[in-house]
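What's in start_39.cif: mmCIF, C-alpha atoms (C1' of nucleotides)
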data_query
loop_
_atom_site.group_PDB
_atom_site.id
_atom_site.type_symbol
_atom_site.label_atom_id
_atom_site.label_comp_id
_atom_site.auth_asym_id
_atom_site.auth_seq_id
_atom_site.Cartn_x
_atom_site.Cartn_y
_atom_site.Cartn_z
ATOM 1 C CA MET A 8 122.480 59.961 74.960
ATOM 2 C CA PRO A 9 122.110 63.589 76.034
ATOM 3 C CA SER A 10 125.853 64.048 76.146
ATOM 4 C CA ARG A 11 125.960 64.707 72.429
ATOM 5 C CA SER A 12 123.372 67.436 72.600
ATOM 6 C CA LEU A 13 125.151 68.782 75.656
ATOM 7 C CA LEU A 14 128.301 69.199 73.627
ATOM 8 C CA ALA A 15 126.251 70.834 70.887
ATOM 9 C CA ARG A 16 124.785 73.256 73.370
ATOM 10 C CA GLU A 17 128.174 74.154 74.773
ATOM 11 C CA LEU A 18 129.650 74.646 71.335
ATOM 12 C CA SER A 19 126.750 76.779 70.163
ATOM 13 C CA ALA A 20 126.999 78.892 73.302
ATOM 14 C CA LEU A 21 130.677 79.433 72.600
ATOM 15 C CA LEU A 22 130.034 80.413 69.004
ATOM 16 C CA LYS A 23 127.282 82.765 70.066
ATOM 17 C CA VAL A 24 129.739 84.660 72.225
ATOM 18 C CA ILE A 25 132.164 85.098 69.352
ATOM 19 C CA ALA A 26 129.511 85.735 66.711
ATOM 20 C CA HIS A 27 129.600 89.495 66.704
ATOM 21 C CA ALA A 28 131.638 91.663 64.369
ATOM 22 C CA ASP A 29 132.995 93.797 67.211
ATOM 23 C CA ARG A 30 134.048 90.771 69.226
ATOM 24 C CA VAL A 31 135.684 89.136 66.240
ATOM 25 C CA ARG A 32 137.688 92.310 65.759
ATOM 26 C CA ILE A 33 138.590 92.400 69.427
ATOM 27 C CA ILE A 34 139.866 88.845 69.253
ATOM 28 C CA GLU A 35 141.821 89.841 66.155
ATOM 29 C CA GLU A 36 143.421 92.750 67.929
ATOM 30 C CA LEU A 37 144.306 90.703 70.980
ATOM 31 C CA ARG A 38 146.074 88.102 68.866
ATOM 32 C CA SER A 39 149.446 89.651 69.493
ATOM 33 C CA GLY A 40 149.073 90.417 73.163
ATOM 34 C CA ALA A 41 147.215 92.283 75.859
ATOM 35 C CA LEU A 42 145.616 95.668 75.246
ATOM 36 C CA GLU A 43 143.620 98.151 77.316
ATOM 37 C CA VAL A 44 140.048 99.123 76.647
ATOM 38 C CA SER A 45 141.049 102.580 75.479
ATOM 39 C CA THR A 46 143.536 101.235 72.966
ATOM 40 C CA LEU A 47 140.991 98.832 71.553
ATOM 41 C CA SER A 48 138.486 101.639 71.457
ATOM 42 C CA GLU A 49 140.816 103.725 69.311
ATOM 43 C CA ARG A 50 141.918 100.980 66.976
ATOM 44 C CA LEU A 51 138.437 99.737 66.283
ATOM 45 C CA ALA A 52 136.866 103.187 66.269
ATOM 46 C CA LEU A 53 134.253 102.067 68.743
ATOM 47 C CA PRO A 54 133.025 103.820 71.893
ATOM 48 C CA ALA A 55 134.881 102.566 74.947
ATOM 49 C CA THR A 56 131.614 101.623 76.595
ATOM 50 C CA ARG A 57 130.850 99.222 73.829
ATOM 51 C CA VAL A 58 134.291 97.702 73.894
ATOM 52 C CA SER A 59 134.022 97.312 77.634
ATOM 53 C CA GLN A 60 130.705 95.536 77.325
ATOM 54 C CA HIS A 61 132.039 93.133 74.745
ATOM 55 C CA LEU A 62 135.079 92.415 76.870
ATOM 56 C CA ALA A 63 132.879 91.738 79.868
ATOM 57 C CA LEU A 64 130.991 89.144 77.863
ATOM 58 C CA LEU A 65 134.157 87.553 76.536
ATOM 59 C CA LYS A 66 135.550 87.482 80.037
ATOM 60 C CA ALA A 67 132.407 85.923 81.490
ATOM 61 C CA HIS A 68 132.949 83.066 79.074
ATOM 62 C CA ARG A 69 136.657 82.901 79.901
ATOM 63 C CA LEU A 70 137.750 83.729 76.403
ATOM 64 C CA VAL A 71 139.776 86.677 77.624
ATOM 65 C CA GLU A 72 141.584 87.364 80.837
ATOM 66 C CA GLU A 73 141.869 90.631 82.675
ATOM 67 C CA ARG A 74 144.968 91.947 84.364
ATOM 68 C CA ARG A 75 144.482 95.181 86.258
ATOM 69 C CA GLU A 76 147.344 97.585 86.515
ATOM 70 C CA GLY A 77 146.438 100.858 88.122
ATOM 71 C CA ARG A 78 143.506 102.269 86.277
ATOM 72 C CA TYR A 79 144.298 100.363 83.149
ATOM 73 C CA HIS A 80 142.749 96.975 82.562
ATOM 74 C CA HIS A 81 144.742 94.810 80.239
ATOM 75 C CA TYR A 82 142.845 92.174 78.366
ATOM 76 C CA SER A 83 144.393 89.214 76.629
ATOM 77 C CA LEU A 84 143.196 86.021 75.010
ATOM 78 C CA ALA A 85 142.876 83.141 77.431
ATOM 79 C CA GLU A 86 143.809 80.854 74.537
ATOM 80 C CA PRO A 87 145.864 82.638 71.892
ATOM 81 C CA ALA A 88 145.090 79.794 69.495
ATOM 82 C CA LEU A 89 141.540 81.093 69.399
ATOM 83 C CA ALA A 90 142.526 83.811 66.944
ATOM 84 C CA GLU A 91 144.010 81.336 64.511
ATOM 85 C CA TRP A 92 141.074 79.010 64.803
ATOM 86 C CA LEU A 93 138.753 81.889 64.105
ATOM 87 C CA LEU A 94 140.584 83.116 61.055
ATOM 88 C CA ASP A 95 140.672 79.568 59.818
ATOM 89 C CA ALA A 96 136.908 79.794 59.433
ATOM 90 C CA ALA A 97 137.460 82.025 56.418
ATOM 91 C CA ARG A 98 137.623 78.742 54.510
ATOM 92 C CA PHE A 99 133.931 78.294 55.050
ATOM 93 C CA LEU A 100 132.765 81.730 54.024
ATOM 94 C CA ASP A 101 130.268 82.029 51.266
ATOM 95 C CA GLN A 102 131.968 81.899 47.894
ATOM 96 C CA ARG A 103 130.869 85.437 47.053
ATOM 97 C CA ALA A 104 132.314 86.866 50.234
ATOM 98 C CA ARG A 105 135.389 84.724 49.948
ATOM 99 C CA SER A 106 136.242 85.768 46.428
ATOM 100 C CA ASP A 107 135.520 89.367 47.285
ATOM 101 C CA LEU A 108 137.861 89.242 50.262
ATOM 102 C CA ALA A 109 140.386 87.224 48.319
ATOM 103 C CA ALA A 110 140.387 89.849 45.585
ATOM 104 C CA ARG A 111 141.352 92.419 48.157
ATOM 105 C CA GLY A 112 143.908 90.088 49.638
ATOM 106 C CA VAL A 113 142.395 90.523 53.048
ATOM 107 C CA ILE A 114 142.412 86.921 54.113
ATOM 108 C CA GLU A 115 145.887 86.239 52.831
ATOM 109 C CA THR A 116 147.260 89.370 54.432
ATOM 110 C CA ALA A 117 145.504 88.660 57.684
ATOM 111 C CA THR A 118 146.749 85.108 57.724
ATOM 112 C CA ARG A 119 150.298 86.182 57.114
ATOM 113 C CA ILE A 120 150.169 88.912 59.718
ATOM 114 C CA TRP A 121 148.491 86.740 62.335
ATOM 115 C CA ARG A 122 150.886 83.878 61.847
ATOM 116 C CA ALA A 123 153.850 86.226 61.862
ATOM 117 C CA GLU A 124 152.771 88.120 64.928
ATOM 118 C CA THR A 125 151.976 85.048 66.985
ATOM 119 C CA PRO A 126 155.008 82.827 66.570
ATOM 120 C CA ASP A 127 155.185 81.068 69.929
ATOM 121 C CA GLN A 128 151.822 82.014 71.317
ATOM 122 C CA THR A 129 150.406 78.644 70.335
ATOM 123 C CA LYS A 130 152.797 76.858 72.628
ATOM 124 C CA GLU A 131 152.526 78.856 75.778
ATOM 125 C CA THR A 132 148.946 78.063 76.682
ATOM 126 C CA ALA A 133 149.462 79.435 80.147
ATOM 127 C CA MET B 30 140.914 100.056 56.022
ATOM 128 C CA PRO B 31 137.382 98.759 56.077
ATOM 129 C CA SER B 32 138.491 95.408 54.697
ATOM 130 C CA ARG B 33 139.406 94.209 58.162
ATOM 131 C CA SER B 34 136.003 94.983 59.569
ATOM 132 C CA LEU B 35 134.473 93.479 56.457
ATOM 133 C CA LEU B 36 136.204 90.205 57.213
ATOM 134 C CA ALA B 37 135.021 90.467 60.807
ATOM 135 C CA ARG B 38 131.466 90.970 59.641
ATOM 136 C CA GLU B 39 131.623 87.997 57.330
ATOM 137 C CA LEU B 40 133.134 85.782 59.984
ATOM 138 C CA SER B 41 130.597 86.827 62.587
ATOM 139 C CA ALA B 42 127.774 86.202 60.146
ATOM 140 C CA LEU B 43 129.133 82.740 59.520
ATOM 141 C CA LEU B 44 129.406 82.000 63.216
ATOM 142 C CA LYS B 45 125.909 83.291 63.789
ATOM 143 C CA VAL B 46 124.572 80.750 61.349
ATOM 144 C CA ILE B 47 126.310 77.889 63.115
ATOM 145 C CA ALA B 48 125.669 79.162 66.624
ATOM 146 C CA HIS B 49 122.569 77.153 67.390
ATOM 147 C CA ALA B 50 122.502 73.826 69.183
ATOM 148 C CA ASP B 51 120.249 72.237 66.573
ATOM 149 C CA ARG B 52 122.439 73.361 63.728
ATOM 150 C CA VAL B 53 125.589 72.190 65.443
ATOM 151 C CA ARG B 54 123.983 68.796 65.813
ATOM 152 C CA ILE B 55 122.919 68.798 62.172
ATOM 153 C CA ILE B 56 126.466 69.546 61.102
ATOM 154 C CA GLU B 57 127.595 66.726 63.377
ATOM 155 C CA GLU B 58 125.173 64.294 61.809
ATOM 156 C CA LEU B 59 126.127 65.296 58.296
ATOM 157 C CA ARG B 60 129.808 64.704 58.990
ATOM 158 C CA SER B 61 129.655 61.210 57.523
ATOM 159 C CA GLY B 62 127.538 61.939 54.507
ATOM 160 C CA ALA B 63 124.233 63.134 53.145
ATOM 161 C CA LEU B 64 120.970 62.605 55.022
ATOM 162 C CA GLU B 65 117.330 63.414 54.423
ATOM 163 C CA VAL B 66 115.284 65.763 56.541
ATOM 164 C CA SER B 67 113.233 62.920 57.973
ATOM 165 C CA THR B 68 116.310 60.973 59.050
ATOM 166 C CA LEU B 69 117.761 64.023 60.737
ATOM 167 C CA SER B 70 114.405 64.665 62.343
ATOM 168 C CA GLU B 71 114.438 61.178 63.869
ATOM 169 C CA ARG B 72 118.043 61.137 64.975
ATOM 170 C CA LEU B 73 117.885 64.517 66.613
ATOM 171 C CA ALA B 74 114.361 64.054 67.953
ATOM 172 C CA LEU B 75 113.294 67.353 66.451
ATOM 173 C CA PRO B 76 110.172 68.182 64.449
ATOM 174 C CA ALA B 77 110.862 67.949 60.726
ATOM 175 C CA THR B 78 109.665 71.500 60.248
ATOM 176 C CA ARG B 79 112.369 72.769 62.504
ATOM 177 C CA VAL B 80 115.052 70.687 60.851
ATOM 178 C CA SER B 81 113.914 71.928 57.492
ATOM 179 C CA GLN B 82 114.133 75.523 58.612
ATOM 180 C CA HIS B 83 117.619 75.062 59.939
ATOM 181 C CA LEU B 84 118.699 73.372 56.745
ATOM 182 C CA ALA B 85 117.264 76.218 54.704
ATOM 183 C CA LEU B 86 119.362 78.673 56.681
ATOM 184 C CA LEU B 87 122.490 76.567 56.358
ATOM 185 C CA LYS B 88 121.856 76.216 52.651
ATOM 186 C CA ALA B 89 121.323 79.946 52.199
ATOM 187 C CA HIS B 90 124.803 80.429 53.589
ATOM 188 C CA ARG B 91 126.174 77.631 51.413
ATOM 189 C CA LEU B 92 127.213 75.524 54.343
ATOM 190 C CA VAL B 93 125.177 72.578 53.122
ATOM 191 C CA GLU B 94 124.186 71.439 49.665
ATOM 192 C CA GLU B 95 120.918 69.922 48.601
ATOM 193 C CA ARG B 96 120.508 67.021 46.222
ATOM 194 C CA ARG B 97 116.919 66.205 45.394
ATOM 195 C CA GLU B 98 116.024 62.656 44.644
ATOM 196 C CA GLY B 99 112.332 62.104 44.243
ATOM 197 C CA ARG B 100 110.608 63.421 47.272
ATOM 198 C CA TYR B 101 113.670 63.034 49.438
ATOM 199 C CA HIS B 102 116.049 65.916 49.746
ATOM 200 C CA HIS B 103 119.528 64.845 50.669
ATOM 201 C CA TYR B 104 121.613 67.368 52.488
ATOM 202 C CA SER B 105 125.346 67.215 52.840
ATOM 203 C CA LEU B 106 128.081 69.509 54.065
ATOM 204 C CA ALA B 107 129.441 71.799 51.381
ATOM 205 C CA GLU B 108 132.787 71.557 53.147
ATOM 206 C CA PRO B 109 133.156 68.367 55.170
ATOM 207 C CA ALA B 110 136.073 69.942 56.992
ATOM 208 C CA LEU B 111 133.552 72.190 58.696
ATOM 209 C CA ALA B 112 132.621 69.419 61.126
ATOM 210 C CA GLU B 113 136.197 68.952 62.227
ATOM 211 C CA TRP B 114 136.787 72.640 62.550
ATOM 212 C CA LEU B 115 133.690 72.928 64.668
ATOM 213 C CA LEU B 116 134.588 70.110 67.004
ATOM 214 C CA ASP B 117 138.016 71.621 67.316
ATOM 215 C CA ALA B 118 136.401 74.516 69.125
ATOM 216 C CA ALA B 119 135.908 72.247 72.116
ATOM 217 C CA ARG B 120 139.405 73.404 73.068
ATOM 218 C CA PHE B 121 138.015 76.809 73.857
ATOM 219 C CA LEU B 122 135.066 75.766 75.954
ATOM 220 C CA ASP B 123 134.781 77.106 79.431
ATOM 221 C CA GLN B 124 136.855 75.057 81.835
ATOM 222 C CA ARG B 125 133.765 73.947 83.758
ATOM 223 C CA ALA B 126 132.007 72.677 80.659
ATOM 224 C CA ARG B 127 135.191 71.174 79.321
ATOM 225 C CA SER B 128 135.977 69.186 82.422
ATOM 226 C CA ASP B 129 132.369 68.096 82.678
ATOM 227 C CA LEU B 130 132.358 66.873 79.108
ATOM 228 C CA ALA B 131 135.809 65.397 79.480
ATOM 229 C CA ALA B 132 134.663 63.450 82.532
ATOM 230 C CA ARG B 133 131.976 61.866 80.413
ATOM 231 C CA GLY B 134 134.423 61.279 77.615
ATOM 232 C CA VAL B 135 132.147 63.065 75.209
ATOM 233 C CA ILE B 136 134.749 65.135 73.445
ATOM 234 C CA GLU B 137 137.249 62.315 73.161
ATOM 235 C CA THR B 138 134.623 59.918 71.902
ATOM 236 C CA ALA B 139 133.246 62.445 69.469
ATOM 237 C CA THR B 140 136.690 63.252 68.169
ATOM 238 C CA ARG B 141 137.485 59.607 67.639
ATOM 239 C CA ILE B 142 134.188 58.874 65.964
ATOM 240 C CA TRP B 143 134.302 61.922 63.738
ATOM 241 C CA ARG B 144 137.830 61.281 62.614
ATOM 242 C CA ALA B 145 137.095 57.622 62.067
ATOM 243 C CA GLU B 146 133.877 58.157 60.201
ATOM 244 C CA THR B 147 135.221 60.787 57.868
ATOM 245 C CA PRO B 148 138.305 59.247 56.322
ATOM 246 C CA ASP B 149 137.961 60.273 52.677
ATOM 247 C CA GLN B 150 135.117 62.726 52.952
ATOM 248 C CA THR B 151 137.522 65.580 52.607
ATOM 249 C CA LYS B 152 138.243 64.518 49.072
ATOM 250 C CA GLU B 153 134.827 63.728 47.688
ATOM 251 C CA THR B 154 133.187 67.102 47.960
ATOM 252 C CA ALA B 155 130.474 66.024 45.536
ATOM 253 C "C1'" DT C 25 139.716 115.965 99.501
ATOM 254 C "C1'" DT C 26 138.640 117.208 94.829
ATOM 255 C "C1'" DC C 27 139.386 116.602 90.003
ATOM 256 C "C1'" DT C 28 140.245 113.765 86.078
ATOM 257 C "C1'" DT C 29 140.704 109.688 83.536
ATOM 258 C "C1'" DA C 30 139.642 104.685 82.761
ATOM 259 C "C1'" DT C 31 136.437 101.304 82.957
ATOM 260 C "C1'" DA C 32 131.765 99.149 84.584
ATOM 261 C "C1'" DT C 33 127.022 98.833 85.249
ATOM 262 C "C1'" DT C 34 122.241 99.743 84.497
ATOM 263 C "C1'" DC C 35 118.286 100.905 81.831
ATOM 264 C "C1'" DA C 36 115.130 101.227 77.985
ATOM 265 C "C1'" DA C 37 114.393 101.152 73.145
ATOM 266 C "C1'" DA C 38 115.396 99.041 68.767
ATOM 267 C "C1'" DT C 39 116.433 95.078 66.402
ATOM 268 C "C1'" DA C 40 117.026 90.238 65.619
ATOM 269 C "C1'" DT C 41 116.108 85.440 66.371
ATOM 270 C "C1'" DA C 42 113.514 81.201 67.510
ATOM 271 C "C1'" DC C 43 109.422 78.805 67.630
ATOM 272 C "C1'" DG C 44 105.061 76.447 66.489
ATOM 273 C "C1'" DA C 45 100.942 76.376 63.777
ATOM 274 C "C1'" DG C 46 99.064 76.550 59.678
ATOM 275 C "C1'" DT C 47 99.387 76.465 54.800
ATOM 276 C "C1'" DA C 48 101.843 75.531 50.375
ATOM 277 C "C1'" DT C 49 104.464 72.744 47.173
ATOM 278 C "C1'" DT C 50 106.471 68.763 45.180
ATOM 279 C "C1'" DC C 51 106.726 64.123 44.202
ATOM 280 C "C1'" DG C 52 105.301 59.028 43.789
ATOM 281 C "C1'" DC C 53 101.734 55.975 43.501
ATOM 282 C "C1'" DA C 54 97.281 54.199 42.340
ATOM 283 C "C1'" DT D 29 93.249 62.565 38.215
ATOM 284 C "C1'" DG D 30 93.406 62.313 43.411
ATOM 285 C "C1'" DC D 31 95.755 60.984 47.679
ATOM 286 C "C1'" DG D 32 99.445 60.805 51.011
ATOM 287 C "C1'" DA D 33 104.209 61.684 52.356
ATOM 288 C "C1'" DA D 34 108.303 64.739 52.508
ATOM 289 C "C1'" DT D 35 109.707 69.160 52.626
ATOM 290 C "C1'" DA D 36 109.173 74.299 52.325
ATOM 291 C "C1'" DC D 37 107.206 78.719 53.383
ATOM 292 C "C1'" DT D 38 104.608 82.367 56.071
ATOM 293 C "C1'" DC D 39 102.968 84.061 59.802
ATOM 294 C "C1'" DG D 40 102.462 86.021 64.917
ATOM 295 C "C1'" DT D 41 104.408 85.778 69.234
ATOM 296 C "C1'" DA D 42 107.859 85.083 72.630
ATOM 297 C "C1'" DT D 43 112.454 85.784 73.783
ATOM 298 C "C1'" DA D 44 117.188 87.420 73.337
ATOM 299 C "C1'" DT D 45 120.644 90.678 71.838
ATOM 300 C "C1'" DT D 46 122.509 95.098 70.734
ATOM 301 C "C1'" DT D 47 122.834 99.767 71.494
ATOM 302 C "C1'" DG D 48 123.697 104.497 73.490
ATOM 303 C "C1'" DA D 49 122.836 107.303 77.367
ATOM 304 C "C1'" DA D 50 123.225 107.991 81.946
ATOM 305 C "C1'" DT D 51 125.218 106.782 86.126
ATOM 306 C "C1'" DA D 52 128.652 104.467 89.080
ATOM 307 C "C1'" DT D 53 133.143 102.923 90.659
ATOM 308 C "C1'" DA D 54 138.140 102.983 90.981
ATOM 309 C "C1'" DA D 55 142.659 104.944 90.789
ATOM 310 C "C1'" DG D 56 146.031 108.443 90.290
ATOM 311 C "C1'" DA D 57 147.183 113.556 90.476
ATOM 312 C "C1'" DA D 58 146.811 118.047 92.477
#
Take the structure in this file and express it as structure tokens.
Amino acid sequence: MPSRSLLARELSALLKVIAHADRVRIIEELRSGALEVSTLSERLALPATRVSQHLALLKAHRLVEERREGRYHHYSLAEPALAEWLLDAARFLDQRARSDLAARGVIETATRIWRAETPDQTKETA
Amino acid sequence: MPSRSLLARELSALLKVIAHADRVRIIEELRSGALEVSTLSERLALPATRVSQHLALLKAHRLVEERREGRYHHYSLAEPALAEWLLDAARFLDQRARSDLAARGVIETATRIWRAETPDQTKETA
DNA sequence: TTCTTATATTCAAATATACGAGTATTCGCA
DNA sequence: TGCGAATACTCGTATATTTGAATATAAGAA
């Protein structure tokens, strides 16, 4: 029954792609729609090169899609639900981290913002 | 506003812990209750040493809990919902992998089994 | 065409992770 | 007490990932 371990391998590969602070932030930022590399670079305070590299990886795994328009490349989530699923993982954070973040209201705020900013995104899985 | 990037770091750290085929399988196996290292070792066809190492990592991040009983150490998911959340990620797998797995019915079967085997687990977090 | 901006690619060094082998530790039993 | 089984820990090595710097491409403006 290698199909089970196959699924495990696919899932772990997927998680590996997302498991980077920069990429998590990129997915966060893309929750409400497409953005260019330069915009992401500003918002996240990261060099554009780095953002570009992360986006290339995310794109290679079909987590984001690229739409070129002139010299700007717009990136968007292939599955907007990904952002919600990801934030949902906050449930499983270590208690210390969770209470720390909860104290600052980060998770709650993020949840509210994400849900508010992506009202219909979940439906249109185009 | 470093709280956002703090959340991203915590989430990525969490994903990093799960992002290994062996550990995904361990989480799968633990979905229906506690198991010993030796049982996991058999079921997954992995050396016990390796299983033990993975469990130590999962435990360090409070994803699993240990209950010692004699010389057997029973491990269980700290949050049984983790297994469901993880399987849910199959939605975001690359289309190629997804259709391959779908053709074999792996995801559907797994979903059914997992849901069926974990009816009340969500409540008894002991 | 030349210049400028936006994004990609390549390379090498630093860092992190995975792995097995060997060695502890802990427990139950005699 | 001593032995064997179950699990944990500590290494060194192999491999993978991350990173910035440098270079390359692509598109619009002059």
How big is the axis-aligned box around the listed atoms of stretch 79-84 of chain A once 4 Å is added on each side, and where is its centre? Give both in Å to one decimal, as lines of an AutoDock Vina configuration file.
center_x = 143.7
center_y = 93.2
center_z = 79.1
size_x = 10.0
size_y = 22.3
size_z = 16.1
Report as JSON lines: every residue of chain B with an atom at most 9 Å from chain C, its closest pair of atoms, and their distance in Å to one decimal, counting all atoms listed in the file, with rows sorted by chain and ascending residue number.
{"residue": "B:Arg79", "atom": "CA", "partner": "C:DC43", "partner_atom": "C1'", "distance": 8.4}
{"residue": "B:Gly99", "atom": "CA", "partner": "C:DC51", "partner_atom": "C1'", "distance": 6.0}
{"residue": "B:Arg100", "atom": "CA", "partner": "C:DC51", "partner_atom": "C1'", "distance": 5.0}
{"residue": "B:Tyr101", "atom": "CA", "partner": "C:DC51", "partner_atom": "C1'", "distance": 8.8}
#### Entry: Answer key for the PyMOL selection byres ((chain B and resi 82-98) around 10), residues as a ChimeraX atom specification
/A:99-102 /B:42-43,46-47,49,51-52,55-56,59,63-66,77-81,99-109,111,155 /C:51 /D:35-37
All Cα atoms, paired in order, least squares: that's the fit I need for chain A onto chain B, output as a short mmCIF file (atom, residue, chain, number, x, y, z; two decimals) with C-alpha atoms, in the coordinates of the input.
data_model
loop_
_atom_site.label_atom_id
_atom_site.label_comp_id
_atom_site.auth_asym_id
_atom_site.auth_seq_id
_atom_site.Cartn_x
_atom_site.Cartn_y
_atom_site.Cartn_z
CA MET A 8 141.14 99.84 55.83
CA PRO A 9 137.57 98.55 55.83
CA SER A 10 138.66 95.22 54.44
CA ARG A 11 139.56 93.99 57.89
CA SER A 12 136.18 94.81 59.33
CA LEU A 13 134.62 93.31 56.22
CA LEU A 14 136.32 90.02 56.97
CA ALA A 15 135.16 90.31 60.57
CA ARG A 16 131.61 90.85 59.44
CA GLU A 17 131.71 87.87 57.12
CA LEU A 18 133.20 85.65 59.77
CA SER A 19 130.69 86.74 62.39
CA ALA A 20 127.85 86.14 59.96
CA LEU A 21 129.15 82.64 59.35
CA LEU A 22 129.44 81.90 63.04
CA LYS A 23 125.96 83.25 63.65
CA VAL A 24 124.56 80.71 61.23
CA ILE A 25 126.27 77.83 63.01
CA ALA A 26 125.66 79.15 66.52
CA HIS A 27 122.57 77.18 67.35
CA ALA A 28 122.48 73.87 69.18
CA ASP A 29 120.18 72.28 66.61
CA ARG A 30 122.36 73.37 63.71
CA VAL A 31 125.51 72.18 65.42
CA ARG A 32 123.86 68.80 65.83
CA ILE A 33 122.77 68.79 62.21
CA ILE A 34 126.31 69.49 61.08
CA GLU A 35 127.44 66.68 63.37
CA GLU A 36 125.00 64.26 61.84
CA LEU A 37 125.90 65.22 58.30
CA ARG A 38 129.59 64.59 58.95
CA SER A 39 129.42 61.13 57.49
CA GLY A 40 127.25 61.85 54.50
CA ALA A 41 123.92 63.05 53.19
CA LEU A 42 120.69 62.54 55.11
CA GLU A 43 117.03 63.40 54.56
CA VAL A 44 115.03 65.75 56.71
CA SER A 45 113.00 62.91 58.18
CA THR A 46 116.08 60.97 59.21
CA LEU A 47 117.58 64.00 60.88
CA SER A 48 114.27 64.65 62.54
CA GLU A 49 114.29 61.19 64.07
CA ARG A 50 117.90 61.15 65.14
CA LEU A 51 117.79 64.53 66.77
CA ALA A 52 114.29 64.10 68.16
CA LEU A 53 113.22 67.38 66.65
CA PRO A 54 110.07 68.21 64.67
CA ALA A 55 110.71 67.96 60.95
CA THR A 56 109.55 71.52 60.47
CA ARG A 57 112.29 72.77 62.69
CA VAL A 58 114.92 70.68 61.01
CA SER A 59 113.72 71.91 57.65
CA GLN A 60 113.97 75.51 58.76
CA HIS A 61 117.49 75.05 60.04
CA LEU A 62 118.51 73.34 56.83
CA ALA A 63 117.05 76.17 54.80
CA LEU A 64 119.20 78.62 56.71
CA LEU A 65 122.31 76.49 56.36
CA LYS A 66 121.61 76.12 52.68
CA ALA A 67 121.08 79.85 52.19
CA HIS A 68 124.60 80.32 53.50
CA ARG A 69 125.92 77.49 51.34
CA LEU A 70 127.00 75.39 54.27
CA VAL A 71 124.90 72.48 53.09
CA GLU A 72 123.85 71.32 49.69
CA GLU A 73 120.55 69.83 48.67
CA ARG A 74 120.07 66.94 46.30
CA ARG A 75 116.46 66.13 45.51
CA GLU A 76 115.52 62.58 44.77
CA GLY A 77 111.82 62.03 44.40
CA ARG A 78 110.16 63.37 47.48
CA TYR A 79 113.25 62.99 49.56
CA HIS A 80 115.67 65.86 49.89
CA HIS A 81 119.16 64.79 50.75
CA TYR A 82 121.29 67.30 52.54
CA SER A 83 125.04 67.12 52.85
CA LEU A 84 127.83 69.38 54.02
CA ALA A 85 129.18 71.63 51.30
CA GLU A 86 132.55 71.38 53.04
CA PRO A 87 132.90 68.19 55.06
CA ALA A 88 135.86 69.75 56.86
CA LEU A 89 133.38 72.04 58.56
CA ALA A 90 132.45 69.31 61.02
CA GLU A 91 136.03 68.79 62.09
CA TRP A 92 136.67 72.48 62.39
CA LEU A 93 133.59 72.81 64.54
CA LEU A 94 134.47 70.00 66.88
CA ASP A 95 137.93 71.45 67.15
CA ALA A 96 136.36 74.40 68.95
CA ALA A 97 135.87 72.15 71.97
CA ARG A 98 139.39 73.26 72.88
CA PHE A 99 138.06 76.69 73.66
CA LEU A 100 135.12 75.70 75.80
CA ASP A 101 134.90 77.04 79.28
CA GLN A 102 136.98 74.95 81.65
CA ARG A 103 133.91 73.90 83.63
CA ALA A 104 132.10 72.66 80.55
CA ARG A 105 135.23 71.11 79.18
CA SER A 106 136.04 69.11 82.26
CA ASP A 107 132.43 68.08 82.58
CA LEU A 108 132.36 66.83 79.01
CA ALA A 109 135.79 65.32 79.35
CA ALA A 110 134.65 63.40 82.41
CA ARG A 111 131.92 61.85 80.33
CA GLY A 112 134.34 61.22 77.51
CA VAL A 113 132.07 63.00 75.10
CA ILE A 114 134.67 65.04 73.32
CA GLU A 115 137.13 62.21 73.02
CA THR A 116 134.48 59.82 71.78
CA ALA A 117 133.13 62.36 69.35
CA THR A 118 136.57 63.12 68.04
CA ARG A 119 137.34 59.48 67.51
CA ILE A 120 134.03 58.78 65.84
CA TRP A 121 134.17 61.84 63.62
CA ARG A 122 137.71 61.18 62.51
CA ALA A 123 136.95 57.53 61.93
CA GLU A 124 133.77 58.14 60.01
CA THR A 125 135.23 60.80 57.75
CA PRO A 126 138.46 59.30 56.49
CA ASP A 127 138.73 60.77 53.00
CA GLN A 128 136.05 63.40 53.22
CA THR A 129 138.65 66.07 53.86
CA LYS A 130 140.24 65.48 50.50
CA GLU A 131 137.28 65.38 48.22
CA THR A 132 136.14 68.97 48.56
CA ALA A 133 133.90 68.60 45.56
#
#### Entry: atom CA of A:Arg50 to atom C1' of D:DG48, straight-line distance in Å
19.7 Å
### Message
Can you spell out as a list in words the set of residues that the PyMOL selection byres ((chain D) within 9 of (chain A)) selects in the structure I just provided?
### Response
DT47, DG48, DA54, DA55 and DG56 of chain D
#### Entry: Contacts of B:Val135 at 12 Å (all atoms listed in the file; same-chain gap of 2+ positions) as a PyMOL selection string
(chain A and resi 8-15+17) or (chain B and resi 116+119+126-133+137-143)
